[in-house]
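Step one of this worksheet: look at the structure below.
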Amino acid sequence: MLATLIRRELHTGLRNPQTILQPLLFYTLTIILFPLASGADNDTLLRIAPAALWIALLLAALLAGEQLFAADYADGTLSQDRLHLPDLWLLLPAKLAAAWLRFTLPLLAILPLPALMLHIPAANIPATAALLALGSLPLLLIGALGAVLTLAHTHGTFLRFLIVVPLYIPVLIIGVTAGHDDLLGLAIGGHYALLGAFGLFACITIIPFATLALKAQHLP
């Protein structure tokens, strides 16, 4: 059942390329702003590089999370899933897995370009990619929670922002700290473990809560 739902979500995403392109373009354009704002000083760019990458990831994940349920809510698919899926809780992991594949993999594919703009050494790109891949999962989970809680609100963007951004802060702190330590040549194994643990904790806590919230929503 889970594999079937993931395939359905991936096919739906392929029919709507903007769900892939919008977060990716948003991420890239956000990164471009940092070199423009700080000038061409390589040392300055390298110092702010981890913060730039993670702030851009946070904002792009917020946009990707917003898209998780919007189309299904508008066309009634979500109502049908709630009525006919025997295990509704599987819907959220399926959407998250598909969103991670649509959002994170293209982002990692273009990572050398932002790294070049921020003057990150090529030797540090693999570790940076691994950190972003780990961190994107809890960010998408938190974004999904905000999307579920604001489904029935016509103008829920600001409310969604208030819900998810405070929850993003621990991931942002861990990711930026790990990025700085990696650039300094320090060991970052503990940061990998922290991001993984935070992602696991987010899965255990957010998926059941978001499923209950989805069941309680008034859907068209």
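Order determines the names: the first chain of the structure tokens is A, the second B, and so forth; residues in each chain are numbered 1 upward, and ligands are numbered 1 upward as they are shown.
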
Quiz item: Which polymer residues have any atom within 10 Å of an atom of segment 9-17 of chain A, counting only C-alpha atoms, with same-chain residues fewer than 4 positions away left out, as an NGL selection string?
Solution: :A and (3-5 or 21-22 or 68 or 71-72 or 91 or 94-99 or 101-102)

Quiz item: Any idea what's packed within 10 Å of Pro50 of chain A, counting only C-alpha atoms, ignoring anything in its chain fewer than 4 positions away? Could you give it as a ChimeraX atom specification?
Solution: /A:45-46,54-56,115,118,120,128,172,175-183

Quiz item: Which polymer residues have any atom within 9 Å of an atom of Arg82 of chain A, counting only C-alpha atoms, with same-chain residues fewer than 6 positions away left out, as number ranges by chain?
Solution: A: 88, 214-215

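Minimum distance to Trp100 of chain A across A:Ile20, A:Ile125, A:Ile32, A:Ala37 (counting only C-alpha atoms) occurs at A:Ile20.
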
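Proximity ranking of A:Leu24, A:Ala64, A:Leu145, A:Leu83 relative to Leu111 of chain A places A:Leu24 first, based on only C-alpha atoms.
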
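The space between atom CA of Ala60 of chain A and atom CA of Pro23 of chain A spans 5.0 Å.
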
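The smallest atom-to-atom distance between Ile31 of chain A and any of A:Arg8, A:His153, A:His119, A:His84, using only C-alpha atoms, is found for A:His119.
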
Quiz prompt | Which of segment 4-220 of chain A fall in alpha helix (DSSP H), as a VMD selection string | solution = chain A and resid 4 to 15 18 to 38 42 to 75 77 to 84 91 to 109 112 to 117 125 to 149 157 to 183 189 to 216

Quiz prompt | For Ser79 of chain A, the nearest of the candidates A:Ile207, A:Leu151, A:Leu131, A:Leu62, counting only C-alpha atoms | solution = A:Leu151

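Atom CA of Thr211 of chain A is found 10.6 Å from atom CA of Ala144 of chain A.
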
Give me, as a compact mmCIF listing (two decimals) with all heavy atoms, in the first residue's frame, all polymer residues having an atom no more than 8 Å from Val171 of chain A, counting only C-alpha atoms and skipping those fewer than 2 positions away in the same chain.
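The file below, selection18.txt, is the result:
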```txt
# COMPACT_ATOMS: atom_id res chain seq x y z
N GLY A 135 18.93 16.88 6.75
CA GLY A 135 18.14 17.96 7.33
C GLY A 135 16.85 18.24 6.60
O GLY A 135 15.89 18.74 7.20
N PRO A 138 13.37 16.32 8.25
CA PRO A 138 12.57 16.96 9.31
C PRO A 138 11.97 18.29 8.87
O PRO A 138 10.88 18.65 9.32
CB PRO A 138 13.57 17.14 10.46
CG PRO A 138 14.92 16.99 9.86
CD PRO A 138 14.75 16.08 8.69
N LEU A 139 12.65 19.02 7.98
CA LEU A 139 12.07 20.27 7.50
C LEU A 139 10.79 20.02 6.72
O LEU A 139 9.79 20.74 6.87
CB LEU A 139 13.08 21.03 6.63
CG LEU A 139 14.33 21.56 7.34
CD1 LEU A 139 15.23 22.29 6.34
CD2 LEU A 139 13.95 22.50 8.48
N TYR A 168 11.58 24.90 13.02
CA TYR A 168 12.73 24.76 12.13
C TYR A 168 14.05 25.13 12.81
O TYR A 168 15.11 24.71 12.36
CB TYR A 168 12.56 25.69 10.92
CG TYR A 168 11.70 25.16 9.80
CD1 TYR A 168 11.24 26.02 8.80
CD2 TYR A 168 11.36 23.83 9.71
CE1 TYR A 168 10.45 25.55 7.76
CE2 TYR A 168 10.58 23.36 8.68
CZ TYR A 168 10.12 24.22 7.70
OH TYR A 168 9.36 23.75 6.68
N ILE A 169 13.97 25.91 13.87
CA ILE A 169 15.19 26.50 14.45
C ILE A 169 16.20 25.45 14.89
O ILE A 169 17.41 25.60 14.62
CB ILE A 169 14.82 27.47 15.59
CG1 ILE A 169 14.11 28.69 15.00
CG2 ILE A 169 16.06 27.89 16.38
CD1 ILE A 169 13.57 29.66 16.04
N ILE A 173 20.04 25.37 13.46
CA ILE A 173 21.23 25.53 14.31
C ILE A 173 22.20 24.37 14.10
O ILE A 173 23.42 24.57 13.94
CB ILE A 173 20.81 25.64 15.78
CG1 ILE A 173 20.06 26.96 16.02
CG2 ILE A 173 22.03 25.56 16.70
CD1 ILE A 173 19.46 27.08 17.40
N ILE A 174 21.67 23.14 14.11
CA ILE A 174 22.53 21.97 13.93
C ILE A 174 23.20 22.00 12.56
O ILE A 174 24.41 21.76 12.43
CB ILE A 174 21.72 20.67 14.11
CG1 ILE A 174 21.18 20.57 15.52
CG2 ILE A 174 22.60 19.45 13.79
CD1 ILE A 174 20.16 19.45 15.70
N GLY A 175 22.42 22.29 11.52
CA GLY A 175 22.96 22.28 10.17
C GLY A 175 24.03 23.34 9.95
O GLY A 175 25.08 23.05 9.36
N LEU A 195 21.09 15.22 13.50
CA LEU A 195 20.10 15.43 12.45
C LEU A 195 19.27 14.17 12.22
O LEU A 195 18.05 14.24 12.04
CB LEU A 195 20.79 15.85 11.14
CG LEU A 195 21.27 17.29 11.06
CD1 LEU A 195 22.05 17.51 9.76
CD2 LEU A 195 20.10 18.27 11.13
N PHE A 198 16.89 13.82 15.14
CA PHE A 198 15.81 14.80 15.05
C PHE A 198 14.80 14.38 13.99
O PHE A 198 13.59 14.52 14.18
CB PHE A 198 16.38 16.18 14.73
CG PHE A 198 15.40 17.30 14.98
CD1 PHE A 198 15.32 17.90 16.21
CD2 PHE A 198 14.55 17.74 13.97
CE1 PHE A 198 14.42 18.92 16.45
CE2 PHE A 198 13.65 18.76 14.19
CZ PHE A 198 13.57 19.35 15.45
```
